[in-house]
Amino acid sequence: MEITNKEKMENLPMKEAALVYLDRSGGLQKFMDDCKYYNDSKQSYAVYRFNILINPCDVVELDAELGNHILHHPLKAAQVFQSVCFVAVKTLSLIGKLQTETQINIVLKLTHLPSLPSYSLDLCEFPLNYASQRFYMMQGIVIAMTTVTKYTQGARFLCSDEVCPFSKGFQYIRVHVPGATESATVRNDFLCSLCSSSLQEDRKFRVLGDKQIVEIITTKVLHAFQGDPKNQPFRFQSLSVFLRDELVNKMKIGNEYKIIGIPVCVKTSQTALCVEANSITPYPAKVPSGISDNFRCLLSLTSSSCWRFTAILANVFASHIVPLGTYNLLKLCLLMSLVQTRDCNSERENCLDILVITSDTLLVDRLLNFSMNLVSRGIRHPVCTEVFPTVSRDKYGTGAVSIQAGSALLAKGGVCFIGDLTSHKKDKLEQLQSALESRSVTVFIPGKKFGDDFDQQMTFPIQCSFWSFVDMDSSSRRNVQKASTLIGQMDCSLIPANLAEAFGLLVNCKESSPCHPLLPTVQHTLKKAVDPEGPPYLASKQFTTEDFEKLLAFAKNLNVEFSLEAERMIHGYYLASRRIRTDSIHGSKLSANALKYLVSLSEAHARLNLRNKVLREDVLIAALLFEISLTLKYGATAFCVAPNALFPFELYDEDYLEQRDLYLTQCQQQLQHFIATCGPGTAVLSSDE
C-alpha cells in the first residue's frame, strides 16, 4: 500500500483523540521506548514498525468516531495513528534518521471485539462477508500449518531518473497491508508520480518479516468425525489464517483458538477466502457445571465403599447400546479412559490406550463409538485419511511445506478411535507403535522434494488416547490361531507383540470371556427392535447420556494426588511384577511405560469416584486391570488374577455389591502379600500403621 500525505491535515479531532488515548493507556510511553530502540540501533531502516495495543471499548468511550474507524475502517484508523506518531517523533526528536511520515508502519492490535453477532464470522454460514475489510472474530481448531517463510514488510523505491527530486530520500515507501500479495508490495512496474519514470527498489532497505499459514475448522465440524449415524450431512470448509511476525508459531496443531482478523480474498490458482490475523488467544475450556442430582444421590448412598460407585456406573453405562450389566469390565475401562482426557491446552498427559479382543465387532464398535462421543474431542478415524501428520506443498505458492494434522493430532486432549487394528497396513502399525511408546510423532520433510537445501524434522506430541479392537474369531483368522501353553494367555499372533504391549490395557471380550453373555444380548436386540426410541431399562431413564457427559466433564477436571499408602503400594506392585516377569534372556516383559499406566489407572479410578486423593483401593483396581492385561499377553504368575476379578458377581442388588466388596478386600490382601513376597525390600503399610 502506498501512503501519501494528501490527508495529512484532515481528521484533526480524531488525531487529538488518538493522542489522548495513547497517553492514557500507556501506549505513548511504549511507543517512545520502541523509538529509543530504533534510534540506538546502528542499522538504517526504511520502515519503522510499531505495534499499538487498542481496547475498542475505551476508544469508543473517548471518541466514538475514532472507535468506529478502528472497528470498521482499520486501515484509515492506522493512518490516523501514523500521523500522530510521526508528529511525536519529530517534536520529541525520538528517531534522528526518520525523514517522512510514510516510513512509520502502524499495526493496531485489538484486545477484543464487541460481543455482537455482526462481529463474529461463522465458518458454517454462507455467504461470508469479506468485502468490508474490517475486523471479525472467529473461532476454530488448527488442522494444518506451514513452515515459516519470509515476506516483505516494507520497501523503499527511488525514481530511476537521477534528475528527478524523488531519486533520493524516502518519498516512495511501500508496506504490506492485509490481503496484499508479495507482488503488491514489491514489483518492477511502479511509476514516479512526478516524472512518470520507472521506480527501482533500493534493496538494501528492504524489511523482511516472518509469515506462516494455518488452516482452521469450526468446532461444529468435529461432528463429522464422530461417527454418529444420526448426524445430518452438512458442508464445511477450512479457513486459511495468515500469521505474521510476532504471531508466528503461536498456534499449535489440534488446539482451539479465538482469532481476530480481517477477511480477505486471495487469488491463487483459484479464489479463496483467508484471514489476516491481528490477535490470537487460546479458547478457554468450558467450566463443568457439576453432576446430576441422580448421580449425586448415588454417590451419597455408596459413600461407605470406595468401589461401589464406579461398579454401578459401569453396570448402567451405555444401557441402550449393550444389555444392562454386560461388558462391565470394558465399560469401566472406557469410563476410566474418558476421565483421563483433558482440555487441549492442559499440561496433563496421562492417557489410557485400550485394545479390545472381541468376537462381536459390531457391538463393540457401537459401544466404543458411543463412549467416544461423550467427550468434545472424540475422533473416529476415517479410513480414507491418515492417523498421523503428513506433508504436502502449500497451495498458496509461498514455497512453504504444509503439515496436515491427521486424526491423532485432531483428537488432542480426547480419544482417537482407529477401528479394527488389523485393517491398517504394517507401516502404519509400526508408526502407531512408535507413537504409543514415545507419545510423539516425527514428520520428515525432504528438502530436495520441496525445493530446500536441507532436510527437516518436526516432532509433535501425541496427547490423545487410542482405542481399537481386533476380531480374533473371524473365519479368515480362526485357522491361524495357536494354542496357548501358559495359563490365562491369549493367542495374539495376529497382532505384533510390541504393538500389543504398547497399548496400556488389553481387554478380552470374546465369547469365552465373562464380558460376552449371549442371551441378554439377544433379548436386548429384540427389545430395541420393537421399541427403538424407548429406554430399554429403568436405569436408562435415571442415568441419561447427558448425565454421564456432565459426570465425565466434572471428573476429568479434578486434580488428584496420591496418598502415601497408595504411592508405596503402586511402587511395590510395579517392582514385584517387574521382578517375576524378568528373565536372563529377554529381560523384563514390562514396558518402559508400565509405571505410568499404573499411575494413570489409579488416578482415573479416583477421578471416577469424584475424589481428589488416590487411595489404596484405587491402586487395587489399577493393579487388577493391569494384571488381567498382562495375563492375556504373557500368562498368569504368582499374583494370579481371575479374568472376572473386578466383577465376580452380577450386580443385582446391594447384597451382591457387598459380596463384591468382600471379594475385592481379599484381593487387596493378596496384593499386599504378593508385594511383601516378591517385592525387593518394599514395605506396605497396614491401615493401623
# chains A, B, ... in the order shown; residues from 1 in each chain; ligands from 1
>>> residues_around(residues="Phe649 (chain A)", least_positions_apart="3", cutoff="12 Å", atoms="only C-alpha atoms", output="ChimeraX atom specification")
/A:311,315,325-326,328-329,514-515,644-646,652-664
>>> select_by_dssp(residues="region 25-260 of chain A", states="strand (DSSP E)", output="PyMOL selection string")
chain A and resi 48-54+104-110+136-146+149-159+172-175+199-201+207-217+239-244+256-260
>>> residues_around(residues="Met458 (chain A)", least_positions_apart="3", cutoff="12 Å", atoms="only C-alpha atoms", output="PyMOL selection string")
chain A and resi 145-147+389-391+401-403+440-446+455+461
>>> residues_around(residues="region 209-216 of chain A", least_positions_apart="5", cutoff="10 Å", atoms="only C-alpha atoms", output="ChimeraX atom specification")
/A:123,138-154,237-249,251-257,274-277,394,396,398,400-405
>>> residues_around(residues="region 10-26 of chain A", least_positions_apart="2", cutoff="10 Å", atoms="only C-alpha atoms", output="tab-separated table (two decimals) with N, CA, C and O atoms, in the first residue's frame")
chain	number	residue	atom	x	y	z
A	6	LYS	N	-1.64	13.48	1.36
A	6	LYS	CA	-2.68	14.42	0.95
A	6	LYS	C	-3.74	14.63	2.03
A	6	LYS	O	-4.46	15.64	2.01
A	7	GLU	N	-3.87	13.67	2.96
A	7	GLU	CA	-4.86	13.84	4.02
A	7	GLU	C	-4.19	14.17	5.34
A	7	GLU	O	-4.73	13.91	6.42
A	8	LYS	N	-3.01	14.74	5.27
A	8	LYS	CA	-2.21	14.95	6.47
A	8	LYS	C	-2.88	15.88	7.47
A	8	LYS	O	-2.77	15.68	8.68
A	28	LEU	N	1.75	5.58	24.63
A	28	LEU	CA	2.72	6.60	24.22
A	28	LEU	C	4.10	6.30	24.80
A	28	LEU	O	5.12	6.44	24.11
A	29	GLN	N	4.12	5.86	26.06
A	29	GLN	CA	5.40	5.52	26.68
A	29	GLN	C	6.04	4.32	25.98
A	29	GLN	O	7.25	4.30	25.74
A	30	LYS	N	5.21	3.31	25.64
A	30	LYS	CA	5.74	2.15	24.92
A	30	LYS	C	6.26	2.57	23.55
A	30	LYS	O	7.31	2.08	23.10
A	31	PHE	N	5.55	3.48	22.90
A	31	PHE	CA	5.99	3.98	21.60
A	31	PHE	C	7.34	4.67	21.72
A	31	PHE	O	8.25	4.46	20.89
A	52	ILE	N	0.59	-1.10	18.31
A	52	ILE	CA	-0.15	-0.30	19.29
A	52	ILE	C	-1.34	-1.11	19.78
A	52	ILE	O	-2.20	-1.51	18.98
A	53	LEU	N	-1.39	-1.35	21.08
A	53	LEU	CA	-2.48	-2.13	21.67
A	53	LEU	C	-3.71	-1.25	21.83
A	53	LEU	O	-3.64	-0.17	22.42
A	54	ILE	N	-4.84	-1.73	21.30
A	54	ILE	CA	-6.07	-0.94	21.28
A	54	ILE	C	-7.18	-1.69	22.01
A	54	ILE	O	-7.47	-2.85	21.69
A	55	ASN	N	-7.79	-1.03	22.98
A	55	ASN	CA	-9.01	-1.53	23.62
A	55	ASN	C	-10.19	-0.79	23.00
A	55	ASN	O	-10.40	0.39	23.30
A	58	ASP	N	-12.58	1.28	25.30
A	58	ASP	CA	-12.02	2.53	25.85
A	58	ASP	C	-11.97	3.62	24.79
A	58	ASP	O	-12.23	4.80	25.08
A	59	VAL	N	-11.63	3.24	23.55
A	59	VAL	CA	-11.55	4.24	22.48
A	59	VAL	C	-12.94	4.79	22.16
A	59	VAL	O	-13.11	6.00	21.97
A	62	LEU	N	-13.98	7.29	24.62
A	62	LEU	CA	-13.24	8.54	24.47
A	62	LEU	C	-13.69	9.32	23.25
A	62	LEU	O	-13.94	10.54	23.33
A	63	ASP	N	-13.81	8.65	22.11
A	63	ASP	CA	-14.20	9.31	20.86
A	63	ASP	C	-14.89	8.29	19.97
A	63	ASP	O	-14.24	7.36	19.47
A	64	ALA	N	-16.18	8.46	19.76
A	64	ALA	CA	-16.96	7.48	19.02
A	64	ALA	C	-16.51	7.37	17.57
A	64	ALA	O	-16.48	6.27	16.99
A	65	GLU	N	-16.13	8.50	16.96
A	65	GLU	CA	-15.73	8.47	15.55
A	65	GLU	C	-14.43	7.68	15.37
A	65	GLU	O	-14.30	6.88	14.44
A	66	LEU	N	-13.48	7.89	16.28
A	66	LEU	CA	-12.22	7.15	16.19
A	66	LEU	C	-12.47	5.66	16.44
A	66	LEU	O	-11.91	4.80	15.75
A	67	GLY	N	-13.33	5.35	17.43
A	67	GLY	CA	-13.67	3.96	17.69
A	67	GLY	C	-14.33	3.30	16.50
A	67	GLY	O	-14.04	2.13	16.18
A	69	HIS	N	-13.86	4.11	13.36
A	69	HIS	CA	-12.82	3.91	12.35
A	69	HIS	C	-11.99	2.66	12.66
A	69	HIS	O	-11.66	1.88	11.75
A	77	ALA	N	-7.85	4.10	10.18
A	77	ALA	CA	-7.52	4.36	11.59
A	77	ALA	C	-6.02	4.28	11.81
A	77	ALA	O	-5.44	5.07	12.57
A	79	GLN	N	-3.76	5.08	9.69
A	79	GLN	CA	-3.17	6.31	9.17
A	79	GLN	C	-3.31	7.45	10.16
A	79	GLN	O	-2.42	8.31	10.24
A	80	VAL	N	-4.41	7.46	10.92
A	80	VAL	CA	-4.58	8.49	11.94
A	80	VAL	C	-3.48	8.36	12.99
A	80	VAL	O	-2.83	9.34	13.37
A	81	PHE	N	-3.27	7.15	13.48
A	81	PHE	CA	-2.23	6.93	14.48
A	81	PHE	C	-0.84	7.15	13.88
A	81	PHE	O	0.09	7.58	14.58
A	82	GLN	N	-0.69	6.88	12.59
A	82	GLN	CA	0.58	7.13	11.92
A	82	GLN	C	0.94	8.61	11.96
A	82	GLN	O	2.09	8.98	12.27
A	83	SER	N	-0.03	9.46	11.68
A	83	SER	CA	0.21	10.91	11.70
A	83	SER	C	0.57	11.39	13.10
A	83	SER	O	1.49	12.20	13.29
A	84	VAL	N	-0.16	10.87	14.10
A	84	VAL	CA	0.11	11.27	15.49
A	84	VAL	C	1.52	10.85	15.90
A	84	VAL	O	2.26	11.62	16.52
A	85	CYS	N	1.89	9.63	15.55
A	85	CYS	CA	3.21	9.12	15.93
A	85	CYS	C	4.33	9.87	15.21
A	85	CYS	O	5.40	10.12	15.79
A	88	ALA	N	4.85	13.08	16.98
A	88	ALA	CA	5.52	12.85	18.25
A	88	ALA	C	7.01	12.61	18.05
A	88	ALA	O	7.85	13.12	18.81
>>> select_by_dssp(residues="region 8-158 of chain A", states="helix (DSSP H, G or I)", output="JSON, numbers by chain")
{"A": [12, 13, 14, 15, 16, 17, 18, 19, 20, 21, 22, 23, 24, 25, 27, 28, 29, 30, 31, 32, 33, 34, 35, 36, 37, 38, 39, 40, 56, 57, 58, 59, 60, 61, 62, 64, 65, 66, 67, 68, 69, 70, 71, 72, 74, 75, 76, 77, 78, 79, 80, 81, 82, 83, 84, 85, 86, 87, 88, 89, 90, 91, 92, 101, 102, 103, 117, 118, 119]}
